[in-house]
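my_file_9.pdb (PDB, C-alpha atoms)
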MODEL        1
ATOM      1  CA  MET Y 622       6.749  12.846 -32.894
ATOM      2  CA  PRO Y 623       4.996  10.434 -30.476
ATOM      3  CA  ASP Y 624       4.379   6.943 -31.820
ATOM      4  CA  ASN Y 625       0.810   5.614 -31.657
ATOM      5  CA  PRO Y 626      -0.330   9.053 -30.480
ATOM      6  CA  GLY Y 627      -4.016   8.276 -30.133
ATOM      7  CA  ASN Y 628      -6.299  11.305 -30.351
ATOM      8  CA  MET Y 629      -3.696  14.057 -30.068
ATOM      9  CA  LYS Y 630      -6.308  16.679 -30.982
ATOM     10  CA  ILE Y 631      -7.383  16.521 -27.333
ATOM     11  CA  PRO Y 632      -4.508  17.034 -24.874
ATOM     12  CA  VAL Y 633      -4.452  14.185 -22.355
ATOM     13  CA  SER Y 634      -2.222  13.696 -19.331
ATOM     14  CA  ALA Y 635      -1.370  10.334 -17.785
ATOM     15  CA  ALA Y 636      -1.401   9.709 -14.043
ATOM     16  CA  ILE Y 637      -0.044   6.631 -12.296
ATOM     17  CA  LEU Y 638      -1.677   5.943  -8.943
ATOM     18  CA  ALA Y 639       1.010   4.800  -6.519
ATOM     19  CA  GLY Y 640      -0.614   5.671  -3.210
ATOM     20  CA  GLY Y 641      -2.019   2.320  -2.079
ATOM     21  CA  GLU Y 642      -0.983   0.594   1.113
ATOM     22  CA  GLY Y 643      -0.232  -2.740  -0.571
ATOM     23  CA  ARG Y 644      -1.904  -4.602   2.289
ATOM     24  CA  ARG Y 645      -2.248  -7.845   0.318
ATOM     25  CA  MET Y 646       1.452  -7.545  -0.543
ATOM     26  CA  GLY Y 647       2.488  -7.366   3.099
ATOM     27  CA  GLY Y 648       2.492  -3.579   3.237
ATOM     28  CA  THR Y 649       5.035  -3.264   0.419
ATOM     29  CA  ASP Y 650       5.016  -0.156  -1.762
ATOM     30  CA  LYS Y 651       4.035  -1.985  -4.938
ATOM     31  CA  SER Y 652       5.354   0.784  -7.173
ATOM     32  CA  CYS Y 653       8.873  -0.172  -6.016
ATOM     33  CA  ILE Y 654       8.567  -3.892  -6.791
ATOM     34  CA  ARG Y 655      10.932  -4.931  -9.574
ATOM     35  CA  ILE Y 656       9.998  -7.062 -12.565
ATOM     36  CA  SER Y 657      12.826  -7.939 -14.925
ATOM     37  CA  GLY Y 658      15.029  -5.649 -12.850
ATOM     38  CA  GLN Y 659      12.824  -2.597 -13.340
ATOM     39  CA  LYS Y 660      10.602  -0.868 -10.786
ATOM     40  CA  LEU Y 661       6.936  -1.235 -11.608
ATOM     41  CA  VAL Y 662       6.339   2.507 -11.720
ATOM     42  CA  SER Y 663       9.327   3.020 -14.040
ATOM     43  CA  ARG Y 664       8.128   0.183 -16.246
ATOM     44  CA  ILE Y 665       4.727   1.844 -16.597
ATOM     45  CA  ILE Y 666       6.202   5.295 -17.268
ATOM     46  CA  GLU Y 667       8.234   3.753 -20.081
ATOM     47  CA  ARG Y 668       5.062   2.374 -21.644
ATOM     48  CA  LEU Y 669       3.294   5.726 -21.441
ATOM     49  CA  GLU Y 670       6.073   7.887 -22.841
ATOM     50  CA  GLY Y 671       5.246   9.646 -26.097
ATOM     51  CA  LEU Y 672       1.506   9.076 -25.818
ATOM     52  CA  PHE Y 673       0.571  11.956 -23.520
ATOM     53  CA  THR Y 674       1.016  15.675 -22.933
ATOM     54  CA  GLU Y 675       2.526  14.877 -19.536
ATOM     55  CA  ILE Y 676       3.045  11.928 -17.193
ATOM     56  CA  PHE Y 677       2.947  12.259 -13.421
ATOM     57  CA  VAL Y 678       2.717  10.019 -10.374
ATOM     58  CA  ILE Y 679       0.274  10.294  -7.465
ATOM     59  CA  THR Y 680       2.098   9.104  -4.343
ATOM     60  CA  ARG Y 681       2.241   9.654  -0.599
ATOM     61  CA  SER Y 682       5.845   8.432  -0.544
ATOM     62  CA  PRO Y 683       7.810  10.576  -3.010
ATOM     63  CA  GLU Y 684      10.968   9.725  -1.068
ATOM     64  CA  ASN Y 685      10.696   6.199  -2.512
ATOM     65  CA  HIS Y 686      11.213   7.559  -6.031
ATOM     66  CA  PRO Y 687      14.300   9.800  -6.171
ATOM     67  CA  ASP Y 688      15.122   8.208  -9.533
ATOM     68  CA  LEU Y 689      11.951   9.257 -11.354
ATOM     69  CA  LYS Y 690      12.160  12.069 -13.907
ATOM     70  CA  VAL Y 691       8.437  12.822 -13.874
ATOM     71  CA  ARG Y 692       6.412  15.095 -11.623
ATOM     72  CA  MET Y 693       5.014  13.683  -8.389
ATOM     73  CA  ALA Y 694       1.929  14.925  -6.565
ATOM     74  CA  GLY Y 695       0.119  13.956  -3.376
ATOM     75  CA  ASP Y 696      -3.448  13.221  -2.391
ATOM     76  CA  VAL Y 697      -5.850  16.019  -1.519
ATOM     77  CA  PHE Y 698      -8.187  13.823   0.567
ATOM     78  CA  GLN Y 699      -6.764  11.730   3.405
ATOM     79  CA  SER Y 700      -8.811   8.582   2.805
ATOM     80  CA  ARG Y 701      -6.901   5.834   1.002
ATOM     81  CA  SER Y 702      -8.785   4.589  -2.041
ATOM     82  CA  SER Y 703      -8.533   4.454  -5.806
ATOM     83  CA  LEU Y 704     -11.179   7.187  -5.929
ATOM     84  CA  THR Y 705      -8.901   9.390  -3.798
ATOM     85  CA  GLY Y 706      -6.109   8.794  -6.289
ATOM     86  CA  LEU Y 707      -8.376   9.532  -9.235
ATOM     87  CA  HIS Y 708      -9.423  12.796  -7.599
ATOM     88  CA  SER Y 709      -5.778  13.764  -7.075
ATOM     89  CA  ALA Y 710      -4.933  12.899 -10.675
ATOM     90  CA  LEU Y 711      -7.633  15.231 -11.985
ATOM     91  CA  TYR Y 712      -6.881  17.921  -9.397
ATOM     92  CA  HIS Y 713      -3.174  18.064 -10.273
ATOM     93  CA  SER Y 714      -3.466  17.602 -14.036
ATOM     94  CA  SER Y 715      -2.356  20.374 -16.380
ATOM     95  CA  THR Y 716      -4.898  19.200 -18.986
ATOM     96  CA  ASN Y 717      -8.643  18.658 -18.871
ATOM     97  CA  TYR Y 718      -8.344  14.925 -19.539
ATOM     98  CA  VAL Y 719      -6.318  12.321 -17.670
ATOM     99  CA  PHE Y 720      -5.614   8.689 -18.478
ATOM    100  CA  VAL Y 721      -5.440   6.928 -15.119
ATOM    101  CA  THR Y 722      -3.630   3.676 -14.402
ATOM    102  CA  ALA Y 723      -2.501   1.866 -11.281
ATOM    103  CA  CYS Y 724       1.143   1.327 -10.399
ATOM    104  CA  ASP Y 725       0.596  -2.441 -10.331
ATOM    105  CA  SER Y 726      -0.245  -2.914 -14.027
ATOM    106  CA  PRO Y 727       3.105  -4.172 -15.372
ATOM    107  CA  PHE Y 728       1.903  -5.185 -18.818
ATOM    108  CA  LEU Y 729       0.174  -2.049 -20.058
ATOM    109  CA  ASN Y 730       0.065  -2.205 -23.837
ATOM    110  CA  ARG Y 731       0.847   0.979 -25.772
ATOM    111  CA  LYS Y 732      -1.314  -0.078 -28.700
ATOM    112  CA  LEU Y 733      -4.343  -0.626 -26.484
ATOM    113  CA  ILE Y 734      -3.878   2.768 -24.848
ATOM    114  CA  ALA Y 735      -3.565   4.451 -28.241
ATOM    115  CA  ALA Y 736      -6.679   2.629 -29.483
ATOM    116  CA  LEU Y 737      -8.573   3.884 -26.443
ATOM    117  CA  LEU Y 738      -7.356   7.478 -26.841
ATOM    118  CA  ALA Y 739      -8.385   7.457 -30.502
ATOM    119  CA  ARG Y 740     -12.001   7.077 -29.330
ATOM    120  CA  LEU Y 741     -11.990  10.119 -27.046
ATOM    121  CA  HIS Y 742     -14.456  12.906 -27.863
ATOM    122  CA  PRO Y 743     -14.615  16.392 -26.268
ATOM    123  CA  GLU Y 744     -18.041  15.691 -24.775
ATOM    124  CA  ASP Y 745     -16.873  12.538 -22.954
ATOM    125  CA  ASP Y 746     -16.544  12.757 -19.183
ATOM    126  CA  VAL Y 747     -15.324   9.172 -18.873
ATOM    127  CA  LEU Y 748     -13.894   6.972 -21.618
ATOM    128  CA  ILE Y 749     -13.665   3.454 -20.257
ATOM    129  CA  PRO Y 750     -13.283  -0.147 -21.458
ATOM    130  CA  ILE Y 751     -16.141  -2.484 -20.579
ATOM    131  CA  HIS Y 752     -16.165  -6.284 -20.697
ATOM    132  CA  PRO Y 753     -19.038  -8.381 -22.085
ATOM    133  CA  ASP Y 754     -20.112  -9.172 -18.496
ATOM    134  CA  GLY Y 755     -20.574  -5.454 -17.818
ATOM    135  CA  MET Y 756     -17.434  -5.045 -15.714
ATOM    136  CA  TYR Y 757     -15.575  -1.767 -16.186
ATOM    137  CA  GLU Y 758     -11.808  -1.193 -16.220
ATOM    138  CA  PRO Y 759     -11.746   2.047 -14.170
ATOM    139  CA  LEU Y 760      -7.948   2.110 -13.819
ATOM    140  CA  CYS Y 761      -7.312   1.925 -17.535
ATOM    141  CA  ALA Y 762      -9.583   4.800 -18.494
ATOM    142  CA  VAL Y 763      -9.710   8.499 -19.359
ATOM    143  CA  TYR Y 764     -11.483  11.025 -17.121
ATOM    144  CA  SER Y 765     -12.439  14.671 -17.560
ATOM    145  CA  ARG Y 766     -11.910  17.289 -14.878
ATOM    146  CA  ARG Y 767     -15.673  17.834 -15.123
ATOM    147  CA  CYS Y 768     -15.931  14.727 -12.917
ATOM    148  CA  LEU Y 769     -14.237  16.464  -9.974
ATOM    149  CA  PRO Y 770     -17.307  17.820  -8.126
ATOM    150  CA  PHE Y 771     -19.065  14.441  -8.256
ATOM    151  CA  ILE Y 772     -15.947  12.610  -7.073
ATOM    152  CA  GLU Y 773     -15.484  15.116  -4.245
ATOM    153  CA  LYS Y 774     -19.070  14.654  -3.106
ATOM    154  CA  ASN Y 775     -18.636  10.875  -2.987
ATOM    155  CA  LEU Y 776     -15.353  11.164  -1.096
ATOM    156  CA  GLU Y 777     -16.986  13.466   1.441
ATOM    157  CA  GLN Y 778     -19.752  10.881   1.844
ATOM    158  CA  LYS Y 779     -17.150   8.070   2.065
ATOM    159  CA  ARG Y 780     -18.465   6.346  -1.052
ATOM    160  CA  PHE Y 781     -15.203   5.052  -2.461
ATOM    161  CA  GLN Y 782     -16.225   2.844  -5.394
ATOM    162  CA  ILE Y 783     -15.188   4.694  -8.547
ATOM    163  CA  ILE Y 784     -18.230   3.792 -10.628
ATOM    164  CA  LYS Y 785     -20.640   5.275  -8.060
ATOM    165  CA  PHE Y 786     -20.330   8.748  -9.624
ATOM    166  CA  PHE Y 787     -20.876   7.490 -13.182
ATOM    167  CA  PRO Y 788     -24.660   8.164 -13.238
ATOM    168  CA  HIS Y 789     -23.902  11.901 -12.963
ATOM    169  CA  VAL Y 790     -21.535  12.211 -15.945
ATOM    170  CA  LYS Y 791     -21.377  11.303 -19.628
ATOM    171  CA  ILE Y 792     -19.862   7.827 -20.002
ATOM    172  CA  HIS Y 793     -18.365   6.600 -23.269
ATOM    173  CA  THR Y 794     -17.831   2.858 -22.994
ATOM    174  CA  VAL Y 795     -15.553   0.943 -25.329
ATOM    175  CA  ASP Y 796     -16.315  -2.756 -25.703
ATOM    176  CA  THR Y 797     -13.129  -4.677 -24.947
ATOM    177  CA  ALA Y 798     -13.770  -6.680 -28.132
ATOM    178  CA  GLU Y 799     -12.882  -3.486 -30.039
ATOM    179  CA  LEU Y 800      -9.524  -3.395 -28.262
ATOM    180  CA  ARG Y 801      -8.568  -7.059 -28.634
ATOM    181  CA  ALA Y 802      -6.630  -6.430 -31.849
ATOM    182  CA  SER Y 803      -4.319  -4.167 -29.831
ATOM    183  CA  ASP Y 804      -3.868  -6.486 -26.834
ATOM    184  CA  ARG Y 805      -5.025 -10.009 -27.649
ATOM    185  CA  GLU Y 806      -4.639 -11.390 -24.113
ATOM    186  CA  PHE Y 807      -5.708  -8.129 -22.425
ATOM    187  CA  GLU Y 808      -2.457  -7.996 -20.496
ATOM    188  CA  SER Y 809      -3.115  -4.301 -19.913
ATOM    189  CA  PHE Y 810      -5.776  -5.283 -17.378
ATOM    190  CA  ILE Y 811      -3.505  -7.536 -15.284
ATOM    191  CA  ASN Y 812      -2.847  -6.223 -11.771
ATOM    192  CA  VAL Y 813      -0.327  -7.473  -9.230
ATOM    193  CA  ASN Y 814      -2.052  -7.372  -5.838
ATOM    194  CA  THR Y 815      -0.742 -10.471  -4.059
ATOM    195  CA  PRO Y 816       2.532 -12.430  -3.821
ATOM    196  CA  GLU Y 817       0.929 -15.140  -5.948
ATOM    197  CA  GLU Y 818       0.037 -12.674  -8.681
ATOM    198  CA  LEU Y 819       3.549 -11.280  -8.506
ATOM    199  CA  GLN Y 820       5.000 -14.735  -9.115
ATOM    200  CA  GLU Y 821       2.686 -15.119 -12.112
ATOM    201  CA  ALA Y 822       3.916 -11.744 -13.390
ATOM    202  CA  TYR Y 823       7.540 -12.896 -13.069
ATOM    203  CA  VAL Y 824       6.700 -15.908 -15.210
ATOM    204  CA  ARG Y 825       4.800 -13.836 -17.754
ATOM    205  CA  ALA Y 826       7.698 -11.406 -18.002
ATOM    206  CA  GLY Y 827      10.114 -14.278 -18.549
ATOM    207  CA  ASN Y 828      11.721 -13.606 -15.187
ATOM    208  CA  ALA Y 829      13.041 -16.751 -13.497
ATOM    209  CA  GLN Y 830      12.308 -15.551  -9.959
TER     210      GLN Y 830
ENDMDL
END
Give the structure from this file in structure tokens form.
Amino acid sequence: MPDNPGNMKIPVSAAILAGGEGRRMGGTDKSCIRISGQKLVSRIIERLEGLFTEIFVITRSPENHPDLKVRMAGDVFQSRSSLTGLHSALYHSSTNYVFVTACDSPFLNRKLIAALLARLHPEDDVLIPIHPDGMYEPLCAVYSRRCLPFIEKNLEQKRFQIIKFFPHVKIHTVDTAELRASDREFESFINVNTPEELQEAYVRAGNAQ
């Protein structure tokens, strides 16, 4: 049986977006960066295992991941953006709901994910954490396939900010204060986008690099 299964009454897939160019990381495929000797994408898969109906990776470079035991899928739209990856995650999912995370979130917390999933209702189109300042966490959220037509319209119009389609769907926000008991320092929301942030991640992981 999965541990911390969240709301297992509603089947949910998990998609890791690994299709970015890593421009601020010198063009490096961030999913292949190693922290504590483990590739970022493998580290994230390990944290997701047992919580979801399936786990898969959205990538334009499947040749970089011959070691992965999960399914890989590509982008449908050619534009490079997180919204493109979100679209691909929903398009390729075998379930109607997908938890979406980025490949550069090395400290995803299983308890926080389970706490989020436990709040999912069938009528939700988006289940998303929101900070007191009103900022969303769109790459630590659950999306319904009902969002697809609105995402596709925005991609066709080259409107790439994820939250731009939110006015057209039913949003269920979860105050991050409700999730603090599961992840006191909100490490789940840490992303590694630059060499400086990577060095900070090494330190946080106890890696003397």
When the PyMOL selection byres ((chain Y and resi 787) around 10) is applied to the file above, which residues end up in the set, as a VMD selection string? chain Y and resid 746 to 747 768 771 to 772 783 to 786 788 to 792
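Take the candidates Y:Glu799, Y:Phe720, Y:Leu769, Y:Leu738 and check each one against Pro753 of chain Y using all atoms listed in the file; the shortest distance goes to Y:Glu799.
Minimum atom-to-atom distances from Y:Ala639, Y:Leu729, Y:Ile679, Y:Ala822 to Phe810 of chain Y were compared using all atoms listed in the file, and the lowest value belongs to Y:Leu729.
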Give as a ChimeraX atom specification the residues that the PyMOL selection byres ((chain Y and resi 709) around 10) matches when applied to the coordinates above. /Y:636,638,678-680,694-698,703-708,710-714,769
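Compared by their closest atoms to Asn730 of chain Y, and using only C-alpha atoms, the residues Y:Ser803, Y:Thr815, Y:Ser657, Y:Gln820 rank with Y:Ser803 nearest.
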Using only C-alpha atoms, can you tell me which of Y:Gln782, Y:Ser765, Y:Asn685, Y:Ser700 comes closest to His742 of chain Y? Y:Ser765
For a test of reading the model, state the distance in Å between atom CA of Leu760 of chain Y and atom CA of Asn775 of chain Y, rounded to one decimal. 17.6 Å
Within 12 Å of Arg740 of chain Y, counting all atoms listed in the file, which residues qualify if same-chain residues fewer than 6 places away don't, as a ChimeraX atom specification? /Y:626-631,733-734,747-750,762-763,793-796,799-800
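The two atoms in question, atom CA of Glu808 of chain Y and atom CA of Thr722 of chain Y, are spaced 13.2 Å apart.
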Selected residue, from Y:Tyr757, Y:Phe677, Y:Tyr823, Y:Phe781, that lies nearest to Cys724 of chain Y when counting all atoms listed in the file: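 Among the listed residues, Y:Phe677 lies closest to Cys724 of chain Y.
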Do a neighbour search on Ser715 of chain Y at 9 Å with only C-alpha atoms, toss out local chain neighbours closer than 5 positions, and write the hits as a PDB file with C-alpha atoms, in the coordinates of the input.
ATOM      1  CA  VAL Y 633      -4.452  14.185 -22.355  1.00  0.00           C
ATOM      2  CA  SER Y 634      -2.222  13.696 -19.331  1.00  0.00           C
ATOM      3  CA  THR Y 674       1.016  15.675 -22.933  1.00  0.00           C
ATOM      4  CA  GLU Y 675       2.526  14.877 -19.536  1.00  0.00           C
TER       5      GLU Y 675
END
Could you state the separation of atom CA of Asn717 of chain Y and atom CA of Leu672 of chain Y in Å, given to one decimal place?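 About the pair atom CA of Asn717 of chain Y and atom CA of Leu672 of chain Y: they are 15.6 Å apart.
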